[in-house]
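start.pdb follows; it contains PDB, C-alpha atoms.
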```pdb
ATOM      1  CA  LYS A  95     -23.894  -7.068 -41.906  1.00  0.00           C
ATOM      2  CA  THR A  96     -26.249  -9.585 -43.513  1.00  0.00           C
ATOM      3  CA  ARG A  97     -26.218 -11.782 -46.583  1.00  0.00           C
ATOM      4  CA  LEU A  98     -28.027  -8.984 -48.425  1.00  0.00           C
ATOM      5  CA  GLY A  99     -25.421  -6.360 -47.625  1.00  0.00           C
ATOM      6  CA  ARG A 100     -24.219  -3.973 -44.968  1.00  0.00           C
ATOM      7  CA  ILE A 101     -25.909  -1.111 -43.137  1.00  0.00           C
ATOM      8  CA  GLU A 102     -23.815   1.858 -42.083  1.00  0.00           C
ATOM      9  CA  ILE A 103     -25.121   4.641 -39.871  1.00  0.00           C
ATOM     10  CA  SER A 104     -23.139   7.871 -39.803  1.00  0.00           C
ATOM     11  CA  SER A 105     -22.122   9.634 -36.618  1.00  0.00           C
ATOM     12  CA  LYS A 106     -24.116  12.653 -37.830  1.00  0.00           C
ATOM     13  CA  ALA A 107     -27.291  10.539 -38.037  1.00  0.00           C
ATOM     14  CA  ILE A 108     -26.760   9.268 -34.480  1.00  0.00           C
ATOM     15  CA  ALA A 109     -26.080  12.834 -33.318  1.00  0.00           C
ATOM     16  CA  THR A 110     -29.288  14.072 -34.958  1.00  0.00           C
ATOM     17  CA  ILE A 111     -31.368  11.377 -33.220  1.00  0.00           C
ATOM     18  CA  ALA A 112     -29.718  12.160 -29.881  1.00  0.00           C
ATOM     19  CA  SER A 113     -30.149  15.937 -30.253  1.00  0.00           C
ATOM     20  CA  GLU A 114     -33.876  15.574 -30.920  1.00  0.00           C
ATOM     21  CA  ALA A 115     -34.202  13.433 -27.770  1.00  0.00           C
ATOM     22  CA  VAL A 116     -32.270  15.990 -25.697  1.00  0.00           C
ATOM     23  CA  MET A 117     -34.519  18.856 -26.738  1.00  0.00           C
ATOM     24  CA  GLU A 118     -37.547  16.945 -25.400  1.00  0.00           C
ATOM     25  CA  CYS A 119     -36.047  16.930 -21.890  1.00  0.00           C
ATOM     26  CA  TYR A 120     -37.331  19.318 -19.243  1.00  0.00           C
ATOM     27  CA  GLY A 121     -34.712  21.815 -18.115  1.00  0.00           C
ATOM     28  CA  VAL A 122     -32.656  21.823 -21.307  1.00  0.00           C
ATOM     29  CA  VAL A 123     -32.616  25.239 -22.976  1.00  0.00           C
ATOM     30  CA  GLY A 124     -30.448  24.240 -25.897  1.00  0.00           C
ATOM     31  CA  ILE A 125     -27.485  22.395 -27.300  1.00  0.00           C
ATOM     32  CA  SER A 126     -24.178  24.194 -27.640  1.00  0.00           C
ATOM     33  CA  SER A 127     -21.112  23.518 -29.670  1.00  0.00           C
ATOM     34  CA  GLN A 128     -18.220  22.036 -27.720  1.00  0.00           C
ATOM     35  CA  GLY A 129     -16.509  24.826 -25.800  1.00  0.00           C
ATOM     36  CA  LEU A 130     -19.045  27.503 -26.785  1.00  0.00           C
ATOM     37  CA  THR A 131     -21.979  28.696 -24.712  1.00  0.00           C
ATOM     38  CA  GLU A 132     -24.185  29.880 -27.568  1.00  0.00           C
ATOM     39  CA  VAL A 133     -27.323  27.901 -28.339  1.00  0.00           C
ATOM     40  CA  LEU A 134     -27.162  26.238 -31.730  1.00  0.00           C
ATOM     41  CA  ARG A 135     -30.002  26.701 -34.183  1.00  0.00           C
ATOM     42  CA  HIS A 136     -32.257  23.734 -34.901  1.00  0.00           C
ATOM     43  CA  SER A 137     -30.486  22.823 -38.142  1.00  0.00           C
ATOM     44  CA  HIS A 138     -27.060  22.740 -36.442  1.00  0.00           C
ATOM     45  CA  ARG A 139     -27.883  20.969 -33.170  1.00  0.00           C
ATOM     46  CA  HIS A 140     -26.042  17.811 -34.195  1.00  0.00           C
ATOM     47  CA  ARG A 141     -22.799  19.819 -33.885  1.00  0.00           C
ATOM     48  CA  GLY A 142     -23.240  19.840 -30.109  1.00  0.00           C
ATOM     49  CA  VAL A 143     -23.405  16.045 -30.020  1.00  0.00           C
ATOM     50  CA  LYS A 144     -20.425  13.775 -30.606  1.00  0.00           C
ATOM     51  CA  ALA A 145     -21.234  10.137 -31.375  1.00  0.00           C
ATOM     52  CA  ARG A 146     -18.678   7.344 -31.648  1.00  0.00           C
ATOM     53  CA  PHE A 147     -19.345   3.758 -32.655  1.00  0.00           C
ATOM     54  CA  ARG A 148     -16.726   1.347 -31.320  1.00  0.00           C
ATOM     55  CA  ASP A 149     -16.785  -2.427 -30.781  1.00  0.00           C
ATOM     56  CA  GLY A 150     -20.511  -2.633 -31.510  1.00  0.00           C
ATOM     57  CA  ALA A 151     -21.511  -0.002 -28.937  1.00  0.00           C
ATOM     58  CA  ILE A 152     -22.229   3.709 -29.168  1.00  0.00           C
ATOM     59  CA  THR A 153     -20.768   6.429 -26.944  1.00  0.00           C
ATOM     60  CA  ILE A 154     -22.419   9.854 -27.056  1.00  0.00           C
ATOM     61  CA  ASP A 155     -21.169  13.192 -25.676  1.00  0.00           C
ATOM     62  CA  ILE A 156     -23.775  15.948 -25.446  1.00  0.00           C
ATOM     63  CA  TYR A 157     -23.029  19.629 -24.762  1.00  0.00           C
ATOM     64  CA  VAL A 158     -26.081  21.363 -23.278  1.00  0.00           C
ATOM     65  CA  ILE A 159     -27.233  24.632 -21.808  1.00  0.00           C
ATOM     66  CA  MET A 160     -29.711  24.193 -18.968  1.00  0.00           C
ATOM     67  CA  GLU A 161     -32.340  26.364 -17.352  1.00  0.00           C
ATOM     68  CA  TYR A 162     -31.096  28.325 -14.358  1.00  0.00           C
ATOM     69  CA  GLY A 163     -32.689  27.235 -11.071  1.00  0.00           C
ATOM     70  CA  ILE A 164     -33.239  23.565 -11.875  1.00  0.00           C
ATOM     71  CA  ARG A 165     -31.398  20.638 -10.302  1.00  0.00           C
ATOM     72  CA  ILE A 166     -28.613  20.012 -12.820  1.00  0.00           C
ATOM     73  CA  THR A 167     -27.877  16.417 -11.812  1.00  0.00           C
ATOM     74  CA  THR A 168     -31.517  15.383 -12.108  1.00  0.00           C
ATOM     75  CA  VAL A 169     -31.883  16.901 -15.579  1.00  0.00           C
ATOM     76  CA  ALA A 170     -28.550  15.387 -16.682  1.00  0.00           C
ATOM     77  CA  HIS A 171     -29.657  11.908 -15.572  1.00  0.00           C
ATOM     78  CA  ASN A 172     -32.966  12.353 -17.406  1.00  0.00           C
ATOM     79  CA  VAL A 173     -31.066  13.392 -20.553  1.00  0.00           C
ATOM     80  CA  MET A 174     -28.867  10.291 -20.273  1.00  0.00           C
ATOM     81  CA  LYS A 175     -31.853   7.958 -19.925  1.00  0.00           C
ATOM     82  CA  LYS A 176     -33.874   9.626 -22.716  1.00  0.00           C
ATOM     83  CA  VAL A 177     -30.975   9.632 -25.206  1.00  0.00           C
ATOM     84  CA  LYS A 178     -29.981   6.030 -24.427  1.00  0.00           C
ATOM     85  CA  PHE A 179     -33.564   4.796 -24.805  1.00  0.00           C
ATOM     86  CA  THR A 180     -34.273   6.768 -27.990  1.00  0.00           C
ATOM     87  CA  VAL A 181     -31.049   5.840 -29.796  1.00  0.00           C
ATOM     88  CA  GLU A 182     -31.280   2.149 -28.842  1.00  0.00           C
ATOM     89  CA  LYS A 183     -34.940   1.998 -29.878  1.00  0.00           C
ATOM     90  CA  THR A 184     -34.306   3.775 -33.181  1.00  0.00           C
ATOM     91  CA  LEU A 185     -31.101   2.016 -34.232  1.00  0.00           C
ATOM     92  CA  GLY A 186     -31.270  -1.314 -32.446  1.00  0.00           C
ATOM     93  CA  ALA A 187     -27.643  -0.896 -31.355  1.00  0.00           C
ATOM     94  CA  PRO A 188     -26.519  -0.697 -27.722  1.00  0.00           C
ATOM     95  CA  VAL A 189     -25.515   2.645 -26.230  1.00  0.00           C
ATOM     96  CA  GLU A 190     -22.585   2.150 -23.882  1.00  0.00           C
ATOM     97  CA  GLN A 191     -22.350   5.694 -22.497  1.00  0.00           C
ATOM     98  CA  VAL A 192     -24.118   9.029 -22.661  1.00  0.00           C
ATOM     99  CA  ASN A 193     -21.959  11.824 -21.251  1.00  0.00           C
ATOM    100  CA  VAL A 194     -23.660  15.155 -20.534  1.00  0.00           C
ATOM    101  CA  HIS A 195     -21.442  18.252 -20.497  1.00  0.00           C
ATOM    102  CA  VAL A 196     -23.201  21.306 -19.047  1.00  0.00           C
ATOM    103  CA  GLN A 197     -21.791  24.311 -20.908  1.00  0.00           C
ATOM    104  CA  GLY A 198     -23.865  26.981 -19.211  1.00  0.00           C
ATOM    105  CA  LEU A 199     -27.078  28.065 -17.543  1.00  0.00           C
ATOM    106  CA  ARG A 200     -29.726  30.436 -18.881  1.00  0.00           C
ATOM    107  CA  ALA A 201     -32.441  32.239 -17.009  1.00  0.00           C
ATOM    108  CA  SER A 202     -35.835  32.511 -18.681  1.00  0.00           C
ATOM    109  CA  ASP A 203     -37.207  35.937 -19.434  1.00  0.00           C
ATOM    110  CA  ALA A 204     -40.127  36.694 -17.139  1.00  0.00           C
ATOM    111  CA  ASP A 205     -41.822  38.496 -20.051  1.00  0.00           C
ATOM    112  CA  THR A 206     -41.962  35.349 -22.231  1.00  0.00           C
ATOM    113  CA  GLN A 207     -43.726  33.209 -19.661  1.00  0.00           C
TER     114      GLN A 207
END
```

Write-out of the structure in C-alpha cells:
Amino acid sequence: KTRLGRIEISSKAIATIASEAVMECYGVVGISSQGLTEVLRHSHRHRGVKARFRDGAITIDIYVIMEYGIRITTVAHNVMKKVKFTVEKTLGAPVEQVNVHVQGLRASDADTQ
C-alpha cells in the first residue's frame, strides 16, 4: 500500500508465475491437479499450484509429476529454489515456503527421444 493506492496480486497470478517456473525445471514432466495424476494442459497448470499470502509472505504448494529414473529429492529441491527465486524476483514479496508434492512418475517413450 502506498499513498497512490494499493496493489493486490491474486493467488491465481502467483500460481501462474510459479507453474511457469516449475515447467523450466529438469525432471518435471508436468503439473497435476491436487489428488489427480493426470498432467494438466498448459492453460490449466495454475490449478496444480496453491498459493497463499499470509502476514506478508507467500506459501506455495506445487503438485508435480516427475520423470521416472531421476533423483526425486534433487529435482524437488531445484523446483523449490527456482520457484522461490522467480516469484520473489517477479513480485518483490518474500516466499516463506515452497512445498513440492510428487503425485506420480512417468517414463518417457523411447520413440519420442

Using all atoms listed in the file, which protein or nucleic acid residues come within 10 Å of Ala201 (chain A)? Drop anything in the same chain fewer than 3 positions from it, and give the result as a ChimeraX atom specification. /A:123,160-163,204

Keeping only C-alpha atoms, write the selected residues as a PDB file, keeping the file's coordinate frame.
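part.pdb written:
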```
ATOM      1  CA  VAL A 123     -32.616  25.239 -22.976  1.00  0.00           C
ATOM      2  CA  MET A 160     -29.711  24.193 -18.968  1.00  0.00           C
ATOM      3  CA  GLU A 161     -32.340  26.364 -17.352  1.00  0.00           C
ATOM      4  CA  TYR A 162     -31.096  28.325 -14.358  1.00  0.00           C
ATOM      5  CA  GLY A 163     -32.689  27.235 -11.071  1.00  0.00           C
ATOM      6  CA  ALA A 204     -40.127  36.694 -17.139  1.00  0.00           C
TER       7      ALA A 204
END
```

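Reported to one decimal place, the separation of CA of Arg141 (chain A) from CA of Val194 (chain A) is 14.2 Å.
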
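Residues captured in this structure file are A:Ser105, A:Lys106, A:Ala107, A:Ile108, A:Thr110, A:Ile111, A:Ala112, A:Ser113, A:His140, A:Arg141, A:Val143, A:Lys144, A:Ala145, A:Ile154, according to the PyMOL selection byres ((chain A and resi 109) around 8).
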
If you count all atoms listed in the file, the residue of A:Ile159, A:Arg148, A:Arg97, A:Lys176 closest to Ile125 (chain A) turns out to be A:Ile159

With all atoms listed in the file as the atoms that count, which of A:Val173, A:Ile101, A:Ile156, A:Val181 lies nearest to Asn193 (chain A)?
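Smallest separation from Asn193 (chain A) among the options: A:Ile156.
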